[in-house]
$ cat entry29.txt   # compact mmCIF, C-alpha atoms and all ligand atoms
# COMPACT_ATOMS: atom_id res chain seq x y z
CA MET X 1 0.00 0.00 0.00
CA LEU X 2 2.88 2.41 0.74
CA ALA X 3 5.33 1.40 -1.99
CA ASN X 4 7.35 4.41 -3.20
CA LYS X 5 6.38 6.38 -0.10
CA THR X 6 8.95 7.43 2.50
CA ALA X 7 8.23 7.57 6.21
CA LEU X 8 10.40 9.42 8.71
CA VAL X 9 9.74 8.33 12.28
CA THR X 10 11.43 10.34 15.02
CA GLY X 11 12.59 8.48 18.14
CA SER X 12 12.37 5.12 16.38
CA THR X 13 15.36 3.25 17.79
CA SER X 14 13.06 1.68 20.38
CA GLY X 15 9.50 1.37 21.67
CA ILE X 16 6.50 2.84 19.91
CA GLY X 17 8.49 4.59 17.17
CA LEU X 18 10.16 1.34 16.14
CA GLY X 19 6.77 -0.44 16.20
CA ILE X 20 5.28 2.20 13.89
CA ALA X 21 8.34 2.15 11.59
CA LYS X 22 8.03 -1.64 11.24
CA ALA X 23 4.30 -1.47 10.50
CA LEU X 24 4.90 1.13 7.76
CA ALA X 25 7.83 -0.91 6.39
CA ARG X 26 5.54 -3.96 6.12
CA GLN X 27 3.34 -1.80 3.85
CA GLY X 28 6.33 -1.14 1.59
CA ALA X 29 7.40 2.34 2.73
CA ASN X 30 11.05 3.40 2.80
CA ILE X 31 11.97 4.23 6.39
CA VAL X 32 14.14 6.93 7.92
CA LEU X 33 14.92 6.07 11.52
CA ASN X 34 16.00 8.54 14.22
CA GLY X 35 16.81 8.30 17.89
CA PHE X 36 19.61 7.60 20.34
CA GLY X 37 21.35 4.34 21.20
CA ASP X 38 21.86 1.37 18.91
CA ALA X 39 20.62 2.02 15.36
CA GLU X 40 22.11 -1.10 13.74
CA GLY X 41 19.61 -3.52 15.35
CA PRO X 42 16.52 -1.47 14.34
CA LYS X 43 17.99 -0.94 10.84
CA ALA X 44 18.42 -4.71 10.44
CA GLU X 45 14.82 -5.30 11.61
CA ILE X 46 13.49 -2.92 8.94
CA THR X 47 15.73 -4.39 6.23
CA ALA X 48 14.46 -7.89 7.13
CA LEU X 49 10.96 -6.66 6.27
CA GLY X 50 12.14 -5.89 2.74
CA ALA X 51 12.14 -2.10 3.12
CA LYS X 52 14.87 0.42 2.37
CA VAL X 53 16.15 2.10 5.51
CA ALA X 54 18.33 5.05 6.48
CA TYR X 55 19.19 6.51 9.88
CA HIS X 56 19.85 10.05 11.09
CA GLY X 57 20.83 10.68 14.71
CA ALA X 58 19.44 14.24 15.06
CA ASP X 59 18.88 15.40 18.61
CA MET X 60 15.24 16.47 18.44
CA SER X 61 15.83 19.24 20.96
CA LYS X 62 18.06 21.01 18.39
CA PRO X 63 16.28 22.77 15.48
CA ALA X 64 19.43 22.86 13.30
CA GLU X 65 19.81 19.08 13.63
CA ILE X 66 16.13 18.60 12.72
CA GLU X 67 16.71 20.70 9.58
CA ASP X 68 19.72 18.54 8.74
CA MET X 69 17.67 15.35 9.24
CA MET X 70 14.86 16.54 6.96
CA ALA X 71 17.38 17.46 4.23
CA PHE X 72 19.10 14.08 4.68
CA ALA X 73 15.76 12.21 4.30
CA ALA X 74 14.96 14.10 1.10
CA ALA X 75 18.44 13.41 -0.27
CA GLN X 76 18.12 9.68 0.53
CA PHE X 77 14.64 9.00 -0.81
CA GLY X 78 13.40 12.10 -2.70
CA GLN X 79 11.00 13.42 -0.09
CA VAL X 80 9.21 12.63 3.17
CA ASP X 81 5.60 11.55 2.51
CA ILE X 82 4.81 10.35 6.02
CA LEU X 83 6.12 12.13 9.10
CA VAL X 84 5.64 10.48 12.48
CA ASN X 85 6.51 12.86 15.32
CA ASN X 86 7.16 10.35 18.07
CA ALA X 87 10.37 11.21 19.99
CA GLY X 88 9.59 11.88 23.61
CA ILE X 89 10.90 11.78 27.16
CA GLN X 90 9.32 11.83 30.61
CA HIS X 91 10.16 13.24 34.03
CA VAL X 92 8.07 12.80 37.15
CA ALA X 93 8.04 15.44 39.92
CA ARG X 94 5.65 17.89 41.54
CA VAL X 95 5.52 21.35 39.92
CA GLU X 96 7.40 23.06 42.77
CA ASP X 97 10.18 20.45 42.58
CA PHE X 98 10.32 20.13 38.78
CA PRO X 99 13.89 20.71 37.52
CA VAL X 100 13.76 23.68 35.15
CA GLU X 101 16.12 22.08 32.63
CA ARG X 102 13.88 18.94 32.52
CA TRP X 103 10.85 21.15 31.80
CA ASP X 104 12.73 22.84 28.94
CA ALA X 105 13.94 19.50 27.54
CA ILE X 106 10.46 17.93 27.61
CA ILE X 107 8.84 20.91 25.88
CA ALA X 108 11.63 20.95 23.26
CA ILE X 109 11.63 17.21 22.51
CA ASN X 110 7.95 16.34 23.01
CA LEU X 111 6.38 19.47 21.47
CA THR X 112 8.66 21.95 19.70
CA SER X 113 10.40 19.23 17.64
CA ALA X 114 7.04 18.31 16.10
CA PHE X 115 6.54 21.93 15.03
CA HIS X 116 9.97 22.04 13.36
CA ALA X 117 9.67 18.70 11.58
CA THR X 118 6.12 19.54 10.44
CA ARG X 119 6.98 22.99 9.07
CA LEU X 120 9.91 21.48 7.16
CA ALA X 121 7.91 18.51 5.79
CA LEU X 122 4.81 20.41 4.65
CA PRO X 123 6.05 22.17 1.49
CA ALA X 124 6.95 18.91 -0.31
CA MET X 125 3.76 17.20 0.90
CA ARG X 126 1.68 20.13 -0.36
CA ALA X 127 3.48 20.08 -3.72
CA ALA X 128 2.71 16.34 -4.08
CA ASN X 129 -0.84 16.87 -2.76
CA TRP X 130 -0.36 13.83 -0.52
CA GLY X 131 1.06 13.58 2.95
CA ARG X 132 0.45 12.11 6.36
CA ILE X 133 1.58 13.70 9.59
CA ILE X 134 1.02 11.50 12.62
CA ASN X 135 1.78 12.93 16.03
CA VAL X 136 2.32 10.46 18.85
CA ALA X 137 0.66 12.35 21.70
CA SER X 138 -0.70 10.43 24.71
CA VAL X 139 -3.75 10.10 26.89
CA HIS X 140 -1.87 12.88 28.67
CA GLY X 141 -2.80 15.09 25.74
CA LEU X 142 -6.41 14.63 26.81
CA VAL X 143 -6.29 14.33 30.61
CA GLY X 144 -3.80 15.11 33.36
CA SER X 145 -1.93 13.08 35.96
CA ALA X 146 -0.13 14.39 39.05
CA GLU X 147 3.65 14.92 38.81
CA LYS X 148 3.71 15.08 34.99
CA SER X 149 3.31 18.83 34.40
CA ALA X 150 5.78 19.22 31.53
CA TYR X 151 4.69 16.02 29.80
CA VAL X 152 0.96 16.81 30.09
CA ALA X 153 1.52 20.40 28.92
CA ALA X 154 3.60 19.22 25.95
CA LYS X 155 1.13 16.51 24.93
CA HIS X 156 -1.87 18.88 25.16
CA GLY X 157 0.20 21.19 22.95
CA VAL X 158 0.82 18.40 20.45
CA ILE X 159 -2.93 17.86 20.09
CA GLY X 160 -3.41 21.59 19.52
CA LEU X 161 -0.68 21.57 16.87
CA THR X 162 -2.35 18.53 15.28
CA LYS X 163 -5.70 20.32 14.95
CA VAL X 164 -4.20 23.49 13.47
CA THR X 165 -2.01 21.55 10.99
CA ALA X 166 -5.07 19.52 9.94
CA LEU X 167 -7.16 22.67 9.43
CA GLU X 168 -4.51 24.57 7.47
CA ASN X 169 -4.26 21.64 5.02
CA ALA X 170 -7.89 20.52 5.05
CA THR X 171 -8.52 21.13 1.34
CA SER X 172 -5.39 19.23 0.32
CA GLY X 173 -4.30 15.60 0.36
CA VAL X 174 -2.24 16.23 3.48
CA THR X 175 -3.76 15.01 6.75
CA CYS X 176 -2.57 15.39 10.32
CA ASN X 177 -3.80 13.29 13.23
CA ALA X 178 -2.68 12.31 16.72
CA ILE X 179 -2.38 8.94 18.41
CA CYS X 180 -2.97 8.85 22.16
CA PRO X 181 -1.66 5.67 23.81
CA GLY X 182 -2.33 4.72 27.39
CA TRP X 183 0.35 2.57 29.05
CA VAL X 184 2.74 0.88 26.60
CA LEU X 185 5.51 -1.26 28.09
CA THR X 186 8.50 0.49 26.51
CA PRO X 187 11.79 1.64 28.12
CA LEU X 188 10.06 4.95 28.96
CA VAL X 189 7.41 3.17 31.04
CA GLN X 190 9.71 0.45 32.40
CA LYS X 191 11.51 3.24 34.30
CA GLN X 192 8.18 4.14 35.97
CA VAL X 193 7.51 0.45 36.74
CA ASP X 194 10.97 0.19 38.35
CA ALA X 195 10.33 3.36 40.41
CA LYS X 196 6.96 2.00 41.60
CA ALA X 197 8.49 -1.40 42.50
CA GLY X 198 11.25 0.37 44.46
CA ALA X 199 8.91 2.80 46.24
CA LEU X 200 6.39 0.12 47.27
CA GLY X 201 8.92 -2.69 47.83
CA ILE X 202 7.09 -5.01 45.41
CA SER X 203 8.08 -7.15 42.43
CA ASN X 204 8.25 -5.88 38.87
CA GLU X 205 5.15 -7.89 37.89
CA ASP X 206 3.15 -6.52 40.84
CA ALA X 207 4.32 -2.98 40.03
CA LYS X 208 2.96 -3.38 36.48
CA LYS X 209 -0.42 -4.39 37.92
CA VAL X 210 -0.44 -1.39 40.27
CA LEU X 211 0.40 0.95 37.38
CA LEU X 212 -2.34 -0.48 35.14
CA GLY X 213 -4.86 -0.65 38.00
CA GLU X 214 -4.48 3.08 38.71
CA LYS X 215 -5.50 4.15 35.19
CA GLU X 216 -6.24 1.46 32.61
CA PRO X 217 -9.53 -0.50 33.08
CA SER X 218 -8.50 -3.19 30.55
CA MET X 219 -5.51 -4.06 32.79
CA GLN X 220 -3.54 -4.54 29.55
CA PHE X 221 -0.67 -2.61 28.04
CA THR X 222 -1.27 -1.31 24.50
CA THR X 223 1.48 -2.66 22.21
CA PRO X 224 3.74 -0.88 19.68
CA GLU X 225 2.34 -3.32 17.07
CA GLU X 226 -1.25 -2.17 17.73
CA LEU X 227 -0.17 1.48 17.50
CA GLY X 228 1.66 0.68 14.26
CA GLU X 229 -1.58 -0.62 12.74
CA LEU X 230 -3.37 2.61 13.71
CA ALA X 231 -0.66 4.57 11.91
CA VAL X 232 -1.15 2.32 8.85
CA PHE X 233 -4.88 3.14 8.93
CA PHE X 234 -4.16 6.89 8.92
CA CYS X 235 -1.94 6.31 5.86
CA SER X 236 -4.53 4.21 4.02
CA PRO X 237 -7.07 5.53 1.49
CA ALA X 238 -9.75 5.10 4.19
CA GLY X 239 -7.86 7.77 6.15
CA ASN X 240 -8.13 10.40 3.39
CA ASN X 241 -10.69 12.49 5.24
CA VAL X 242 -9.68 11.77 8.82
CA ARG X 243 -8.36 15.16 9.89
CA GLY X 244 -7.32 16.56 13.24
CA VAL X 245 -8.44 13.66 15.44
CA ALA X 246 -6.80 12.58 18.68
CA TRP X 247 -7.42 8.82 18.72
CA ASN X 248 -6.82 7.09 22.00
CA MET X 249 -5.72 3.44 22.31
CA ASP X 250 -5.81 3.31 26.05
CA GLY X 251 -7.76 0.37 27.44
CA GLY X 252 -10.56 2.71 28.52
CA TRP X 253 -8.37 5.21 30.44
CA VAL X 254 -10.08 8.33 29.05
CA ALA X 255 -13.57 6.78 29.07
CA GLN X 256 -13.69 6.92 32.88
P1 LIG X 301 11.15 5.02 24.31
O1 LIG X 301 11.98 5.59 25.40
O2 LIG X 301 11.13 3.55 24.07
O3 LIG X 301 11.50 5.70 22.93
C1 LIG X 301 11.78 7.06 22.81
C2 LIG X 301 12.56 7.28 21.56
O4 LIG X 301 12.86 8.67 21.46
C3 LIG X 301 13.91 6.52 21.55
O5 LIG X 301 14.19 6.11 20.22
C4 LIG X 301 14.89 7.61 21.99
O6 LIG X 301 16.20 7.36 21.55
C5 LIG X 301 14.27 8.80 21.31
N1 LIG X 301 14.69 10.07 21.86
C6 LIG X 301 14.68 10.50 23.14
N2 LIG X 301 15.18 11.74 23.20
C7 LIG X 301 15.51 12.10 21.94
C8 LIG X 301 16.08 13.26 21.36
N3 LIG X 301 16.42 14.32 22.09
N4 LIG X 301 16.28 13.26 20.02
C9 LIG X 301 15.97 12.18 19.26
N5 LIG X 301 15.43 11.06 19.75
C10 LIG X 301 15.21 11.04 21.07
O7 LIG X 301 9.68 5.60 24.60
P2 LIG X 301 8.25 5.26 24.01
O8 LIG X 301 7.41 4.84 25.15
O9 LIG X 301 8.33 4.41 22.80
O10 LIG X 301 7.79 6.73 23.62
C11 LIG X 301 7.58 7.16 22.29
C12 LIG X 301 6.52 8.23 22.29
O11 LIG X 301 5.29 7.68 22.75
C13 LIG X 301 6.82 9.42 23.20
O12 LIG X 301 6.44 10.61 22.57
C14 LIG X 301 5.96 9.15 24.41
O13 LIG X 301 5.61 10.32 25.08
C15 LIG X 301 4.76 8.51 23.74
N6 LIG X 301 3.91 7.73 24.64
C16 LIG X 301 4.40 6.64 25.30
C17 LIG X 301 3.55 5.94 26.14
C18 LIG X 301 3.99 4.71 26.88
O14 LIG X 301 3.23 4.21 27.72
N7 LIG X 301 5.17 4.17 26.63
C19 LIG X 301 2.23 6.34 26.31
C20 LIG X 301 1.77 7.47 25.63
C21 LIG X 301 2.63 8.14 24.78

$ encode --input "entry29.txt" --output "structure tokens"
Amino acid sequence: MLANKTALVTGSTSGIGLGIAKALARQGANIVLNGFGDAEGPKAEITALGAKVAYHGADMSKPAEIEDMMAFAAAQFGQVDILVNNAGIQHVARVEDFPVERWDAIIAINLTSAFHATRLALPAMRAANWGRIINVASVHGLVGSAEKSAYVAAKHGVIGLTKVTALENATSGVTCNAICPGWVLTPLVQKQVDAKAGALGISNEDAKKVLLGEKEPSMQFTTPEELGELAVFFCSPAGNNVRGVAWNMDGGWVAQ
């Protein structure tokens, strides 16, 4: 379905981003990976799916590096048809204790990077009259949780950016939508499981149950594979007129 299309997925060396990259690769898209840590393993996983893959290690908190990454993607594959703004970090602390540099980093990586990548991707998408911008927000773009001020503020911002981008391109073939996962057991959440296990003196498995029980009625983690299939839907012809939605996959979290 996505042969001859190129997808750039930020923060795709692990977790949700890698799951989405693999789902798009299975549909035939060329993939540009980004993120920290080992890139060779993820590159090999994409290649094994029969897709072409490239990697750029831009730090998404640095606008100049984002510009370099977008130029690199265009040079590799012609242009970016699908942009998945996924890179994100978390920090947990009450507002009065929140380290200022962590606030700045979360806003830069989780929100401002999506603005930069989007503004740089749009001209080519508009010229082709086809494009998909998928912003990985969170249930925390729709509701709050204590001790996550920067993350919740950034994710609410991402949903606002999604709506405006969708509206500005509504008469074109370029759509923009947001995905709002509940708990997904990635390295980002494993850190919170570890903290809970340590704080309560319980096992890792029990800490997962406590975490799910606080928020997610299904008592199940959403998987990167399931989120990948939602991204595929947004890229499909059936997604042509889906514009500006924030679609949660959250085991009932936001339904409460
Ligand atoms: P993860 O830690 O597994 O992956 C994050 C990715 O972002 C990694 O590839 C990492 O290298 C990359 N990254 C971090 N800082 C970066 C930077 N400055 N520049 C470039 N890349 C950077 O986390 P994840 O859980 O897969 O999170 C992915 C996205 O999903 C995030 O935006 C997160 O907020 C969102 N999300 C996660 C959950 C969850 O439960 N895991 C729920 C809702 C939303």

$ residues_near_ligand --input "entry29.txt" --ligand "ligand LIG 301 (chain X)" --cutoff "8 Å" --atoms "all atoms listed in the file" --output "PyMOL selection string"
chain X and resi 10-18+34-37+57-62+85-90+105+109-110+136-140+151+155+180-189+221-222+224

$ residues_around --input "entry29.txt" --residues "region 70-74 of chain X" --least-positions-apart "3" --cutoff "9 Å" --atoms "all atoms listed in the file" --output "PyMOL selection string"
chain X and resi 6+8+32+54-56+65-67+77-80+117+120-121

$ residues_around --input "entry29.txt" --residues "Gly252 (chain X)" --least-positions-apart "2" --cutoff "9 Å" --atoms "only C-alpha atoms" --output "ChimeraX atom specification"
/X:182,215-218,248-250,254-256

$ residues_near_point --input "entry29.txt" --point "(-8.0, 9.8, 5.9)" --cutoff "12 Å" --atoms "only C-alpha atoms" --output "PDB file with C-alpha atoms, in the coordinates of the input"
ATOM      1  CA  TRP X 130      -0.360  13.830  -0.520  1.00  0.00           C
ATOM      2  CA  GLY X 131       1.060  13.580   2.950  1.00  0.00           C
ATOM      3  CA  ARG X 132       0.450  12.110   6.360  1.00  0.00           C
ATOM      4  CA  ILE X 133       1.580  13.700   9.590  1.00  0.00           C
ATOM      5  CA  ILE X 134       1.020  11.500  12.620  1.00  0.00           C
ATOM      6  CA  ALA X 166      -5.070  19.520   9.940  1.00  0.00           C
ATOM      7  CA  ALA X 170      -7.890  20.520   5.050  1.00  0.00           C
ATOM      8  CA  SER X 172      -5.390  19.230   0.320  1.00  0.00           C
ATOM      9  CA  GLY X 173      -4.300  15.600   0.360  1.00  0.00           C
ATOM     10  CA  VAL X 174      -2.240  16.230   3.480  1.00  0.00           C
ATOM     11  CA  THR X 175      -3.760  15.010   6.750  1.00  0.00           C
ATOM     12  CA  CYS X 176      -2.570  15.390  10.320  1.00  0.00           C
ATOM     13  CA  ASN X 177      -3.800  13.290  13.230  1.00  0.00           C
ATOM     14  CA  LEU X 230      -3.370   2.610  13.710  1.00  0.00           C
ATOM     15  CA  ALA X 231      -0.660   4.570  11.910  1.00  0.00           C
ATOM     16  CA  VAL X 232      -1.150   2.320   8.850  1.00  0.00           C
ATOM     17  CA  PHE X 233      -4.880   3.140   8.930  1.00  0.00           C
ATOM     18  CA  PHE X 234      -4.160   6.890   8.920  1.00  0.00           C
ATOM     19  CA  CYS X 235      -1.940   6.310   5.860  1.00  0.00           C
ATOM     20  CA  SER X 236      -4.530   4.210   4.020  1.00  0.00           C
ATOM     21  CA  PRO X 237      -7.070   5.530   1.490  1.00  0.00           C
ATOM     22  CA  ALA X 238      -9.750   5.100   4.190  1.00  0.00           C
ATOM     23  CA  GLY X 239      -7.860   7.770   6.150  1.00  0.00           C
ATOM     24  CA  ASN X 240      -8.130  10.400   3.390  1.00  0.00           C
ATOM     25  CA  ASN X 241     -10.690  12.490   5.240  1.00  0.00           C
ATOM     26  CA  VAL X 242      -9.680  11.770   8.820  1.00  0.00           C
ATOM     27  CA  ARG X 243      -8.360  15.160   9.890  1.00  0.00           C
ATOM     28  CA  GLY X 244      -7.320  16.560  13.240  1.00  0.00           C
ATOM     29  CA  VAL X 245      -8.440  13.660  15.440  1.00  0.00           C
TER      30      VAL X 245
END

$ residues_around --input "entry29.txt" --residues "region 191-198 of chain X" --least-positions-apart "5" --cutoff "7 Å" --atoms "only C-alpha atoms" --output "PyMOL selection string"
chain X and resi 203-204+207-208

$ atom_distance --input "entry29.txt" --atom1 "CA of Ala29 (chain X)" --atom2 "CA of Gly228 (chain X)"
13.0 Å

$ atom_distance --input "entry29.txt" --atom1 "CA of Asn129 (chain X)" --atom2 "CA of Trp247 (chain X)"
23.9 Å

$ atom_distance --input "entry29.txt" --atom1 "CA of Thr165 (chain X)" --atom2 "CA of Asp81 (chain X)"
15.2 Å

$ closest_residue --input "entry29.txt" --among "X:Ile82, X:Ile179, X:Leu227, X:Ala199" --to "Gly19 (chain X)" --atoms "all atoms listed in the file"
X:Leu227

$ residues_around --input "entry29.txt" --residues "Glu147 (chain X)" --least-positions-apart "3" --cutoff "7 Å" --atoms "all atoms listed in the file" --output "number ranges by chain"
X: 92-95

$ write_last_selection --input "entry29.txt" --atoms "C-alpha atoms" --output "PDB file, keeping the file's coordinate frame"
ATOM      1  CA  VAL X  92       8.070  12.800  37.150  1.00  0.00           C
ATOM      2  CA  ALA X  93       8.040  15.440  39.920  1.00  0.00           C
ATOM      3  CA  ARG X  94       5.650  17.890  41.540  1.00  0.00           C
ATOM      4  CA  VAL X  95       5.520  21.350  39.920  1.00  0.00           C
TER       5      VAL X  95
END

$ closest_residue --input "entry29.txt" --among "X:Met125, X:Ile107, X:Leu161, X:Ile46" --to "Ala23 (chain X)" --atoms "all atoms listed in the file"
X:Ile46

$ closest_residue --input "entry29.txt" --among "X:Leu200, X:Ala124, X:Ile31, X:Ile106" --to "His91 (chain X)" --atoms "only C-alpha atoms"
X:Ile106
